[in-house]
>>> print(open('start_14.csv').read())   # CSV, C-alpha atoms
chain,number,residue,atom,x,y,z
A,1,MET,CA,74.6,106.8,112.8
A,2,HIS,CA,75.2,109.2,115.5
A,3,PRO,CA,78.8,110.7,115.7
A,4,SER,CA,80.9,109.6,118.6
A,5,SER,CA,84.4,110.3,119.8
A,6,THR,CA,84.8,106.8,121.3
A,7,PHE,CA,84.4,103.3,120.0
A,8,ASP,CA,81.9,101.1,121.7
A,9,ARG,CA,82.2,97.4,120.8
A,10,ASN,CA,78.6,96.6,121.9
A,11,VAL,CA,77.2,99.4,119.7
A,12,VAL,CA,79.1,98.3,116.7
A,13,LEU,CA,78.2,94.6,117.2
A,14,ALA,CA,74.5,95.5,117.4
A,15,ALA,CA,74.6,98.0,114.5
A,16,LEU,CA,76.7,95.9,112.1
A,17,LEU,CA,75.6,92.4,113.0
A,18,VAL,CA,75.7,89.6,110.5
A,19,GLY,CA,78.2,90.4,107.8
A,20,MET,CA,78.3,94.2,108.3
A,21,LEU,CA,75.9,95.1,105.5
A,22,ALA,CA,77.0,98.6,104.8
A,23,ALA,CA,73.6,100.3,105.5
A,24,CYS,CA,75.4,102.5,107.9
A,25,GLY,CA,74.3,106.1,107.2
A,26,GLU,CA,72.7,108.4,109.7
A,27,THR,CA,69.7,107.3,111.6
A,28,THR,CA,67.4,109.8,110.0
A,29,ARG,CA,64.2,107.8,109.1
A,30,PRO,CA,61.9,108.6,106.3
A,31,ALA,CA,58.3,108.9,107.6
A,32,ARG,CA,56.9,105.4,107.8
A,33,ASP,CA,53.5,106.5,106.6
A,34,ALA,CA,54.9,108.0,103.4
A,35,ALA,CA,53.4,106.5,100.3
A,36,ALA,CA,55.8,103.9,98.9
A,37,ALA,CA,56.6,104.3,95.3
A,38,THR,CA,55.1,101.4,93.3
A,39,THR,CA,57.7,100.9,90.6
A,40,LEU,CA,58.2,97.2,90.6
A,41,SER,CA,56.5,95.3,87.8
A,42,GLN,CA,56.2,91.5,87.8
A,43,VAL,CA,57.0,88.8,85.3
A,44,VAL,CA,56.6,85.2,86.3
A,45,PRO,CA,59.6,85.0,88.7
A,46,ALA,CA,62.3,82.5,87.7
A,47,ALA,CA,63.2,79.7,90.1
A,48,PRO,CA,66.7,80.3,91.3
A,49,THR,CA,69.0,77.3,91.4
A,50,ARG,CA,71.6,76.8,94.2
A,51,LEU,CA,75.1,76.4,92.7
A,52,VAL,CA,77.2,76.5,95.8
A,53,THR,CA,76.6,76.2,99.6
A,54,GLY,CA,78.7,76.0,102.8
A,55,LEU,CA,80.8,79.1,102.3
A,56,GLN,CA,81.7,81.1,105.4
A,57,GLY,CA,79.7,84.3,105.1
A,58,ALA,CA,80.2,85.0,101.4
A,59,PHE,CA,80.0,88.7,100.4
A,60,GLY,CA,81.6,90.3,97.3
A,61,SER,CA,82.2,88.9,93.9
A,62,ALA,CA,83.8,89.5,90.4
A,63,VAL,CA,84.1,87.8,87.1
A,64,GLY,CA,87.8,87.1,86.6
A,65,PRO,CA,90.3,85.3,84.2
A,66,GLY,CA,88.7,82.5,82.2
A,67,GLY,CA,85.2,83.7,83.0
A,68,ALA,CA,85.3,82.2,86.5
A,69,LEU,CA,83.4,83.6,89.4
A,70,TYR,CA,85.5,84.9,92.3
A,71,VAL,CA,83.8,85.3,95.7
A,72,THR,CA,85.1,86.7,99.0
A,73,GLU,CA,84.8,84.7,102.1
A,74,PRO,CA,85.4,87.2,104.9
A,75,ALA,CA,85.2,84.9,107.9
A,76,ALA,CA,88.0,82.7,106.5
A,77,GLY,CA,90.0,85.6,105.0
A,78,ARG,CA,89.9,84.0,101.6
A,79,ILE,CA,88.9,84.7,98.0
A,80,LEU,CA,87.4,81.6,96.3
A,81,ARG,CA,87.3,80.7,92.6
A,82,ILE,CA,84.1,79.1,91.5
A,83,ASP,CA,83.4,77.4,88.2
A,84,PRO,CA,80.2,79.0,87.0
A,85,ARG,CA,79.1,75.8,85.2
A,86,THR,CA,79.8,73.1,87.7
A,87,GLY,CA,80.0,75.1,91.0
A,88,ALA,CA,83.4,73.6,91.8
A,89,VAL,CA,85.1,75.7,94.5
A,90,THR,CA,88.9,76.2,94.9
A,91,THR,CA,90.8,78.7,97.1
A,92,PHE,CA,92.3,81.4,94.9
A,93,ALA,CA,93.9,83.5,97.7
A,94,SER,CA,94.0,83.3,101.5
A,95,GLY,CA,95.6,85.0,104.5
A,96,PHE,CA,93.6,88.2,104.4
A,97,PRO,CA,92.8,90.0,107.7
A,98,THR,CA,89.8,88.3,109.3
A,99,PRO,CA,86.8,90.0,110.9
A,100,ILE,CA,86.8,91.8,114.2
A,101,LEU,CA,83.7,90.9,116.3
A,102,SER,CA,82.6,88.6,113.4
A,103,ILE,CA,82.3,91.5,111.0
A,104,GLY,CA,84.4,93.0,108.2
A,105,GLY,CA,87.4,91.5,106.5
A,106,VAL,CA,87.8,91.0,102.8
A,107,THR,CA,84.5,92.2,101.3
A,108,ASP,CA,85.1,92.6,97.6
A,109,VAL,CA,87.4,91.6,94.8
A,110,ALA,CA,88.2,93.1,91.4
A,111,PHE,CA,90.7,92.4,88.5
A,112,ARG,CA,93.0,94.5,86.4
A,113,GLY,CA,93.9,92.0,83.6
A,114,SER,CA,95.0,88.9,85.5
A,115,THR,CA,95.9,90.7,88.7
A,116,ALA,CA,93.4,90.5,91.5
A,117,TYR,CA,92.8,93.3,94.1
A,118,ALA,CA,90.9,92.9,97.3
A,119,LEU,CA,89.0,95.4,99.5
A,120,VAL,CA,89.4,94.9,103.2
A,121,THR,CA,87.4,96.8,105.9
A,122,LEU,CA,86.7,97.0,109.6
A,123,VAL,CA,90.0,95.5,110.7
A,124,GLY,CA,91.8,98.7,111.9
A,125,ALA,CA,92.7,100.0,115.4
A,126,ASP,CA,89.5,102.0,115.6
A,127,VAL,CA,87.5,98.8,115.9
A,128,GLY,CA,90.0,96.9,118.0
A,129,GLY,CA,92.0,95.4,115.1
A,130,HIS,CA,95.6,95.4,114.1
A,131,ASP,CA,95.5,95.5,110.3
A,132,ALA,CA,95.1,98.1,107.6
A,133,VAL,CA,91.8,99.0,106.0
A,134,GLY,CA,92.3,99.3,102.3
A,135,LEU,CA,93.1,98.0,98.9
A,136,TYR,CA,95.3,94.9,98.7
A,137,ARG,CA,97.0,93.4,95.6
A,138,VAL,CA,97.0,89.6,95.4
A,139,ASP,CA,100.6,88.5,94.8
A,140,GLY,CA,100.1,84.8,95.2
A,141,PRO,CA,97.9,82.1,96.7
A,142,THR,CA,99.0,83.1,100.3
A,143,SER,CA,100.6,86.5,99.8
A,144,HIS,CA,99.3,90.0,99.2
A,145,THR,CA,100.5,93.6,99.4
A,146,LEU,CA,98.7,96.7,100.8
A,147,VAL,CA,98.4,99.1,97.9
A,148,ALA,CA,96.3,101.9,99.5
A,149,ASP,CA,95.6,102.6,103.1
A,150,ILE,CA,92.0,103.7,102.8
A,151,GLY,CA,91.5,103.7,106.6
A,152,ALA,CA,94.3,106.2,107.1
A,153,PHE,CA,92.8,108.4,104.4
A,154,SER,CA,89.4,108.3,106.2
A,155,LEU,CA,90.9,109.1,109.5
A,156,ALA,CA,92.7,112.1,108.0
A,157,HIS,CA,89.7,113.2,105.9
A,158,PRO,CA,86.6,112.5,108.0
A,159,PRO,CA,83.1,113.1,106.6
A,160,VAL,CA,81.0,116.0,107.9
A,161,PRO,CA,79.5,115.2,110.4
A,162,ARG,CA,81.9,112.5,111.7
A,163,PHE,CA,80.5,109.0,112.1
A,164,PHE,CA,81.4,106.7,115.0
A,165,ILE,CA,83.6,104.4,112.9
A,166,PRO,CA,86.4,106.8,111.7
A,167,SER,CA,87.9,104.4,109.2
A,168,GLY,CA,84.5,103.9,107.5
A,169,VAL,CA,82.7,100.8,106.2
A,170,GLN,CA,83.9,100.2,102.7
A,171,TYR,CA,81.5,98.0,100.6
A,172,ALA,CA,82.3,97.7,96.9
A,173,LEU,CA,85.4,97.8,94.6
A,174,GLU,CA,85.1,98.6,90.9
A,175,PRO,CA,87.9,99.2,88.3
A,176,PHE,CA,87.5,102.6,86.5
A,177,ARG,CA,89.9,104.4,84.1
A,178,GLY,CA,93.0,102.4,85.2
A,179,GLU,CA,92.2,103.1,88.9
A,180,PHE,CA,89.5,101.9,91.3
A,181,LEU,CA,86.3,103.3,92.8
A,182,VAL,CA,85.3,102.3,96.4
A,183,THR,CA,82.0,102.9,98.0
A,184,ASP,CA,81.8,103.7,101.7
A,185,GLY,CA,78.3,103.0,103.0
A,186,HIS,CA,79.1,104.5,106.4
A,187,HIS,CA,80.6,107.8,105.3
A,188,ASN,CA,78.2,108.1,102.3
A,189,ARG,CA,80.9,108.7,99.7
A,190,VAL,CA,82.8,107.2,96.8
A,191,LEU,CA,86.6,107.2,96.9
A,192,ARG,CA,89.0,107.1,94.0
A,193,VAL,CA,92.0,104.8,94.6
A,194,THR,CA,95.0,104.4,92.4
A,195,ARG,CA,97.3,101.5,92.1
A,196,SER,CA,100.2,103.7,93.4
A,197,GLY,CA,98.3,104.2,96.7
A,198,ASP,CA,96.7,107.6,96.3
A,199,VAL,CA,93.2,108.0,97.8
A,200,SER,CA,90.9,110.9,97.1
A,201,GLU,CA,87.2,111.6,97.5
A,202,LEU,CA,85.3,111.5,94.2
A,203,VAL,CA,81.8,112.3,95.4
A,204,THR,CA,80.0,112.7,98.7
A,205,PHE,CA,76.3,112.1,99.1
A,206,GLY,CA,73.7,112.8,101.8
A,207,ASN,CA,72.3,109.9,103.8
A,208,ILE,CA,71.7,107.5,100.9
A,209,VAL,CA,74.1,104.6,101.8
A,210,PRO,CA,76.0,103.8,98.6
A,211,THR,CA,76.6,100.1,97.9
A,212,GLY,CA,77.3,98.3,94.6
A,213,LEU,CA,78.9,99.8,91.5
A,214,ALA,CA,78.9,99.1,87.7
A,215,VAL,CA,80.8,101.0,85.0
A,216,ARG,CA,79.9,101.5,81.4
A,217,GLY,CA,82.3,103.7,79.4
A,218,ASP,CA,82.8,106.9,81.3
A,219,SER,CA,79.7,106.5,83.4
A,220,VAL,CA,79.4,105.0,86.8
A,221,PHE,CA,76.1,103.4,88.0
A,222,MET,CA,75.7,103.1,91.8
A,223,ALA,CA,73.1,101.3,94.0
A,224,GLU,CA,71.7,103.1,97.0
A,225,ALA,CA,70.3,101.1,99.9
A,226,GLY,CA,68.8,104.3,101.4
A,227,PRO,CA,68.5,105.2,105.1
A,228,ILE,CA,66.5,103.0,107.5
A,229,PRO,CA,63.8,101.7,107.2
A,230,HIS,CA,65.0,101.2,103.6
A,231,LEU,CA,61.7,102.1,101.9
A,232,PRO,CA,61.2,101.3,98.2
A,233,GLU,CA,61.4,105.0,97.2
A,234,THR,CA,64.9,105.3,98.7
A,235,GLY,CA,66.3,102.2,96.9
A,236,ARG,CA,67.7,103.8,93.7
A,237,ILE,CA,70.3,103.5,91.0
A,238,VAL,CA,72.1,106.8,90.1
A,239,GLU,CA,74.5,107.6,87.3
A,240,PHE,CA,77.6,109.9,87.7
A,241,ASP,CA,80.6,110.7,85.6
A,242,GLY,CA,84.3,110.5,86.2
A,243,ARG,CA,84.3,113.9,88.0
A,244,GLY,CA,81.7,112.8,90.4
A,245,ARG,CA,78.9,114.8,88.9
A,246,VAL,CA,75.6,112.9,89.4
A,247,THR,CA,73.8,113.2,86.1
A,248,ARG,CA,70.5,111.4,86.8
A,249,THR,CA,68.5,108.9,88.7
A,250,VAL,CA,68.3,105.8,86.5
A,251,ALA,CA,65.7,103.9,88.5
A,252,SER,CA,64.0,103.7,91.9
A,253,GLY,CA,61.5,101.6,93.8
A,254,ALA,CA,63.3,98.5,95.1
A,255,ARG,CA,64.1,98.0,98.8
A,256,LEU,CA,67.6,98.0,100.1
A,257,LEU,CA,69.6,97.8,96.9
A,258,VAL,CA,73.0,96.3,97.4
A,259,ASP,CA,74.4,95.8,93.9
A,260,VAL,CA,74.0,96.7,90.3
A,261,GLU,CA,75.5,95.0,87.2
A,262,PHE,CA,75.2,95.2,83.4
A,263,GLY,CA,74.3,92.1,81.4
A,264,ARG,CA,74.2,91.7,77.6
A,265,GLY,CA,74.0,95.0,75.7
A,266,ARG,CA,72.8,97.7,77.9
A,267,THR,CA,70.5,95.6,80.1
A,268,LEU,CA,71.0,96.7,83.7
A,269,PHE,CA,70.2,94.5,86.8
A,270,ALA,CA,70.1,95.2,90.5
A,271,LEU,CA,69.9,93.2,93.7
A,272,SER,CA,67.4,94.0,96.4
A,273,GLN,CA,68.1,92.6,99.8
A,274,GLY,CA,64.5,92.8,100.7
A,275,VAL,CA,62.2,94.0,103.6
A,276,TRP,CA,64.1,95.5,106.5
A,277,THR,CA,62.7,95.1,110.0
A,278,GLY,CA,65.9,95.4,112.0
A,279,PRO,CA,66.2,97.1,115.4
A,280,ALA,CA,69.1,99.3,114.2
A,281,GLU,CA,70.9,100.5,111.1
A,282,GLY,CA,73.4,97.9,109.8
A,283,PHE,CA,71.1,94.9,110.3
A,284,PRO,CA,70.4,93.0,107.0
A,285,ALA,CA,67.0,92.5,105.5
A,286,THR,CA,64.5,89.8,106.7
A,287,PRO,CA,65.7,86.4,105.4
A,288,GLY,CA,64.1,85.2,102.2
A,289,THR,CA,62.8,88.6,101.1
A,290,GLY,CA,65.5,89.5,98.6
A,291,SER,CA,65.0,89.8,94.8
A,292,LEU,CA,66.8,90.1,91.5
A,293,VAL,CA,65.4,93.0,89.4
A,294,ARG,CA,65.9,94.4,85.9
A,295,VAL,CA,65.9,98.1,85.1
A,296,ASN,CA,63.2,99.2,82.6
A,297,ASP,CA,63.6,102.1,80.3
A,298,ASP,CA,61.0,104.2,82.2
A,299,GLY,CA,63.0,104.1,85.4
A,300,THR,CA,61.0,101.2,87.0
A,301,PHE,CA,62.1,97.7,88.0
A,302,THR,CA,60.9,94.3,86.9
A,303,THR,CA,61.2,91.5,89.4
A,304,LEU,CA,63.0,88.5,87.8
A,305,ALA,CA,63.5,86.3,90.9
A,306,SER,CA,62.2,86.6,94.5
A,307,GLY,CA,62.7,84.8,97.8
A,308,LEU,CA,66.4,85.3,97.9
A,309,ASP,CA,68.0,85.1,101.3
A,310,ARG,CA,70.0,88.2,102.2
A,311,PRO,CA,71.8,88.6,98.9
A,312,THR,CA,75.0,90.7,98.9
A,313,SER,CA,76.5,90.6,95.4
A,314,LEU,CA,75.6,90.0,91.8
A,315,GLU,CA,77.4,89.0,88.6
A,316,VAL,CA,76.0,88.4,85.2
A,317,ILE,CA,77.8,85.9,82.9
A,318,GLY,CA,76.1,85.4,79.5
A,319,ASN,CA,72.4,85.2,80.1
A,320,THR,CA,72.7,83.9,83.7
A,321,ALA,CA,72.8,85.9,86.9
A,322,TYR,CA,74.9,84.7,89.9
A,323,VAL,CA,73.7,85.9,93.3
A,324,VAL,CA,76.0,85.7,96.4
A,325,THR,CA,74.2,85.5,99.7
A,326,LEU,CA,75.2,86.4,103.3
A,327,GLY,CA,74.5,82.8,104.4
A,328,GLY,CA,77.4,81.5,102.2
A,329,GLU,CA,75.6,80.4,99.1
A,330,VAL,CA,75.7,81.2,95.4
A,331,TRP,CA,72.5,80.9,93.3
A,332,THR,CA,71.9,81.2,89.6
A,333,VAL,CA,69.0,82.7,87.7
A,334,ASP,CA,68.8,81.7,84.0
A,335,ASP,CA,67.5,83.6,81.0
A,336,VAL,CA,67.6,87.1,82.6
A,337,ALA,CA,67.9,89.1,79.4
A,338,GLY,CA,65.0,91.4,78.5
A,339,PRO,CA,64.4,94.7,76.8
A,340,PRO,CA,67.7,96.7,76.9
A,341,PHE,CA,68.1,99.5,79.4
A,342,GLY,CA,68.3,103.0,78.1
A,343,ARG,CA,68.5,104.3,74.5
A,344,ALA,CA,71.5,104.5,72.2
A,345,PRO,CA,73.0,108.0,72.3
>>> encode(input="start_14.csv", output="C-alpha cells")
Amino acid sequence: MHPSSTFDRNVVLAALLVGMLAACGETTRPARDAAAATTLSQVVPAAPTRLVTGLQGAFGSAVGPGGALYVTEPAAGRILRIDPRTGAVTTFASGFPTPILSIGGVTDVAFRGSTAYALVTLVGADVGGHDAVGLYRVDGPTSHTLVADIGAFSLAHPPVPRFFIPSGVQYALEPFRGEFLVTDGHHNRVLRVTRSGDVSELVTFGNIVPTGLAVRGDSVFMAEAGPIPHLPETGRIVEFDGRGRVTRTVASGARLLVDVEFGRGRTLFALSQGVWTGPAEGFPATPGTGSLVRVNDDGTFTTLASGLDRPTSLEVIGNTAYVVTLGGEVWTVDDVAGPPFGRAP
C-alpha cells in the first residue's frame, strides 16, 4: 500500500473490506501475463462437511485444552470453544475490543498450557479506535489483560517505507520457544513477543504478505499470500529459524495462502483462499474458490479439497482438517494424511 501520513477511513474500508484479510503489502503487481507456475497436482478432492455455521465473521483458530477447537469471532469480540466431534459451540471468552469500520478485532488465539492468549488488531487510535493493538492474556470468561502493546511498538519502529496504517495489520499468533511469533501482513514482518510484554522484530520481508505460521522444533514455517493479484507463483511456504534466517522455500504454486499447519508425522498442509479479482489490496478471494492443499516432497502442492468459501484458518486434529471461513463457518475434511513432507534429517 502507498505510504501516507494521514488516515483515511474510506481508503481503509475499501482496502480492508470483509474481515481485513491481511493481504496488505505494497501495491506492486507482478506482471499479469507472467507464466503461472503449475505446481498443483490433483487427487479426487474430498467433499468437505460443514460442522458449524452462523458465527459472526470467524477468523483465527487453535487446538486447545482437551483437544477442542477454539475459534475467534471478531465481530462479537469473542473466542469460541467448538467440540470437534459434535460441532457444539460455547463461548470461551468475551469482551475483547470489537472491530472499527467492521474490520479487525480479535483475529487469532493460541495456548501456553491451559492459558489462552489472543491477538487483537486494528482497534487503535490510528484507525479511529480507543483500544490497544496487541497480545492479550485470557484471565477468565469475561476478563483479559494486555500483555504486549504491539501497536505501540509498530508506531515506534515503523517499517521502511512506512505504510498508511502505522499500527500494522497483525494476522497470526504462534507459540515459539516460550514466547510468541506474530505475523504482520501489512508491514511484511514477523515479530517476537514475550509474555512479559517485550516486542522485537524477528525478520522483515519484501512485499510477500506473511500470513499463517506453524512451528516444528526450532523451525518456523510461514505462508505467504503474495502481492496482488496473488498469482500462484507468489503463494509460497518458507522456512526460517529462531534467528529469523530464511533457510529455504518449502513449496510454491497455490494462490493467496493464508495458513499452514502440520498434521501427523511431518505432513504439512496449507490453505489457499483462492482466485483474487478484487479492486484493491485487502479484498478477499472470490467466494467458493478456496482449497485445502498438502505439501509434496518436491515442493509442489496436491489439492485435497476445493470450493471452499474464503477460508482464513486451518487446524488438523488426528486425520481431519478443520477449516474456518470468513463467512462464519467451520468445515471438516476427513482422511487428509498422505505421503509425509520432507525427509528425516
>>> closest_residue(input="start_14.csv", among="A:Val209, A:Ala93, A:Val323, A:Val220", to="Val246 (chain A)", atoms="only C-alpha atoms")
A:Val220
>>> residues_around(input="start_14.csv", residues="Gln56 (chain A)", least_positions_apart="6", cutoff="8 Å", atoms="only C-alpha atoms", output="PyMOL selection string")
chain A and resi 73-76+327-328
>>> write_last_selection(input="start_14.csv", atoms="C-alpha atoms", output="PDB file, in the coordinates of the input")
ATOM      1  CA  GLU A  73      84.800  84.700 102.100  1.00  0.00           C
ATOM      2  CA  PRO A  74      85.400  87.200 104.900  1.00  0.00           C
ATOM      3  CA  ALA A  75      85.200  84.900 107.900  1.00  0.00           C
ATOM      4  CA  ALA A  76      88.000  82.700 106.500  1.00  0.00           C
ATOM      5  CA  GLY A 327      74.500  82.800 104.400  1.00  0.00           C
ATOM      6  CA  GLY A 328      77.400  81.500 102.200  1.00  0.00           C
TER       7      GLY A 328
END
>>> residues_around(input="start_14.csv", residues="Gly185 (chain A)", least_positions_apart="2", cutoff="10 Å", atoms="all atoms listed in the file", output="list in words")
Leu21, Ala22, Ala23, Cys24, Gly25, Gly168, Val169, Gln170, Tyr171, Ala172, Val182, Thr183, His187, Asn188, Arg189, Val190, Asn207, Ile208, Val209, Pro210, Thr211, Gly212, Glu224, Ala225, Gly226 and Gly282 of chain A
>>> residues_near_point(input="start_14.csv", point="(99.3, 84.7, 96.7)", cutoff="10 Å", atoms="all atoms listed in the file", output="count of residues only")
14
>>> residues_around(input="start_14.csv", residues="Asp259 (chain A)", least_positions_apart="4", cutoff="8 Å", atoms="only C-alpha atoms", output="PyMOL selection string")
chain A and resi 211-213+222-223+270-272+312-314
>>> write_last_selection(input="start_14.csv", atoms="C-alpha atoms", output="PDB file, in the coordinates of the input")
ATOM      1  CA  THR A 211      76.600 100.100  97.900  1.00  0.00           C
ATOM      2  CA  GLY A 212      77.300  98.300  94.600  1.00  0.00           C
ATOM      3  CA  LEU A 213      78.900  99.800  91.500  1.00  0.00           C
ATOM      4  CA  MET A 222      75.700 103.100  91.800  1.00  0.00           C
ATOM      5  CA  ALA A 223      73.100 101.300  94.000  1.00  0.00           C
ATOM      6  CA  ALA A 270      70.100  95.200  90.500  1.00  0.00           C
ATOM      7  CA  LEU A 271      69.900  93.200  93.700  1.00  0.00           C
ATOM      8  CA  SER A 272      67.400  94.000  96.400  1.00  0.00           C
ATOM      9  CA  THR A 312      75.000  90.700  98.900  1.00  0.00           C
ATOM     10  CA  SER A 313      76.500  90.600  95.400  1.00  0.00           C
ATOM     11  CA  LEU A 314      75.600  90.000  91.800  1.00  0.00           C
TER      12      LEU A 314
END
>>> atom_distance(input="start_14.csv", atom1="CA of Ala251 (chain A)", atom2="CA of Gly265 (chain A)")
17.7 Å
>>> closest_residue(input="start_14.csv", among="A:Val52, A:Val295, A:Leu231, A:Ala118", to="Thr90 (chain A)", atoms="all atoms listed in the file")
A:Val52
>>> residues_around(input="start_14.csv", residues="Pro287 (chain A)", least_positions_apart="5", cutoff="10 Å", atoms="all atoms listed in the file", output="CSV table (one decimal) with C-alpha atoms, keeping the file's coordinate frame")
chain,number,residue,atom,x,y,z
A,273,GLN,CA,68.1,92.6,99.8
A,274,GLY,CA,64.5,92.8,100.7
A,275,VAL,CA,62.2,94.0,103.6
A,276,TRP,CA,64.1,95.5,106.5
A,307,GLY,CA,62.7,84.8,97.8
A,308,LEU,CA,66.4,85.3,97.9
A,309,ASP,CA,68.0,85.1,101.3
A,310,ARG,CA,70.0,88.2,102.2
A,311,PRO,CA,71.8,88.6,98.9
A,326,LEU,CA,75.2,86.4,103.3
A,327,GLY,CA,74.5,82.8,104.4
>>> closest_residue(input="start_14.csv", among="A:Ala125, A:Val120, A:Leu181, A:Ile103", to="Ser219 (chain A)", atoms="all atoms listed in the file")
A:Leu181
>>> closest_residue(input="start_14.csv", among="A:Ala88, A:Ala152, A:Ala68, A:Val127", to="Ser114 (chain A)", atoms="all atoms listed in the file")
A:Ala68
>>> atom_distance(input="start_14.csv", atom1="CA of Ala337 (chain A)", atom2="CA of Ser306 (chain A)")
16.3 Å
>>> atom_distance(input="start_14.csv", atom1="CA of Gly151 (chain A)", atom2="CA of Val133 (chain A)")
4.7 Å
>>> closest_residue(input="start_14.csv", among="A:Gly235, A:Gly244, A:Gly104, A:Gly87", to="Thr300 (chain A)", atoms="all atoms listed in the file")
A:Gly235
>>> build_atoms(input="start_14.csv", residues="region 193-214 of chain A", atoms="N, CA and C atoms", output="compact mmCIF listing (two decimals), keeping the file's coordinate frame")
# COMPACT_ATOMS: atom_id res chain seq x y z
N VAL A 193 90.76 105.41 94.12
CA VAL A 193 92.00 104.80 94.60
C VAL A 193 92.85 104.38 93.48
N THR A 194 94.12 104.81 93.50
CA THR A 194 95.00 104.40 92.40
C THR A 194 95.88 103.25 92.84
N ARG A 195 96.48 102.61 91.84
CA ARG A 195 97.30 101.50 92.10
C ARG A 195 98.68 101.87 92.71
N SER A 196 98.96 103.17 92.73
CA SER A 196 100.20 103.70 93.40
C SER A 196 99.89 104.08 94.84
N GLY A 197 98.65 103.93 95.28
CA GLY A 197 98.30 104.20 96.70
C GLY A 197 97.65 105.46 97.02
N ASP A 198 97.38 106.30 96.03
CA ASP A 198 96.70 107.60 96.30
C ASP A 198 95.20 107.35 96.50
N VAL A 199 94.65 108.03 97.48
CA VAL A 199 93.20 108.00 97.80
C VAL A 199 92.66 109.37 97.78
N SER A 200 91.52 109.56 97.13
CA SER A 200 90.90 110.90 97.10
C SER A 200 89.36 110.66 97.11
N GLU A 201 88.66 111.70 97.49
CA GLU A 201 87.20 111.60 97.50
C GLU A 201 86.68 112.08 96.14
N LEU A 202 85.91 111.20 95.50
CA LEU A 202 85.30 111.50 94.20
C LEU A 202 84.01 112.25 94.35
N VAL A 203 83.13 111.71 95.18
CA VAL A 203 81.80 112.30 95.40
C VAL A 203 81.26 111.95 96.72
N THR A 204 80.61 112.92 97.36
CA THR A 204 80.00 112.70 98.70
C THR A 204 78.49 112.92 98.53
N PHE A 205 77.73 112.09 99.21
CA PHE A 205 76.30 112.10 99.10
C PHE A 205 75.69 112.49 100.49
N GLY A 206 74.38 112.70 100.51
CA GLY A 206 73.70 112.80 101.80
C GLY A 206 73.48 111.39 102.32
N ASN A 207 72.48 111.21 103.12
CA ASN A 207 72.30 109.90 103.80
C ASN A 207 71.57 108.95 102.84
N ILE A 208 72.34 108.40 101.88
CA ILE A 208 71.70 107.50 100.90
C ILE A 208 72.32 106.08 100.95
N VAL A 209 73.42 105.87 101.62
CA VAL A 209 74.10 104.60 101.80
C VAL A 209 74.48 103.95 100.48
N PRO A 210 75.58 104.39 99.87
CA PRO A 210 76.00 103.80 98.60
C PRO A 210 76.53 102.39 98.78
N THR A 211 76.19 101.54 97.84
CA THR A 211 76.60 100.10 97.90
C THR A 211 77.31 99.70 96.64
N GLY A 212 76.65 98.93 95.77
CA GLY A 212 77.30 98.30 94.60
C GLY A 212 77.55 99.31 93.48
N LEU A 213 78.51 98.96 92.62
CA LEU A 213 78.90 99.80 91.50
C LEU A 213 78.97 98.98 90.20
N ALA A 214 78.72 99.66 89.08
CA ALA A 214 78.90 99.10 87.70
C ALA A 214 79.41 100.25 86.85
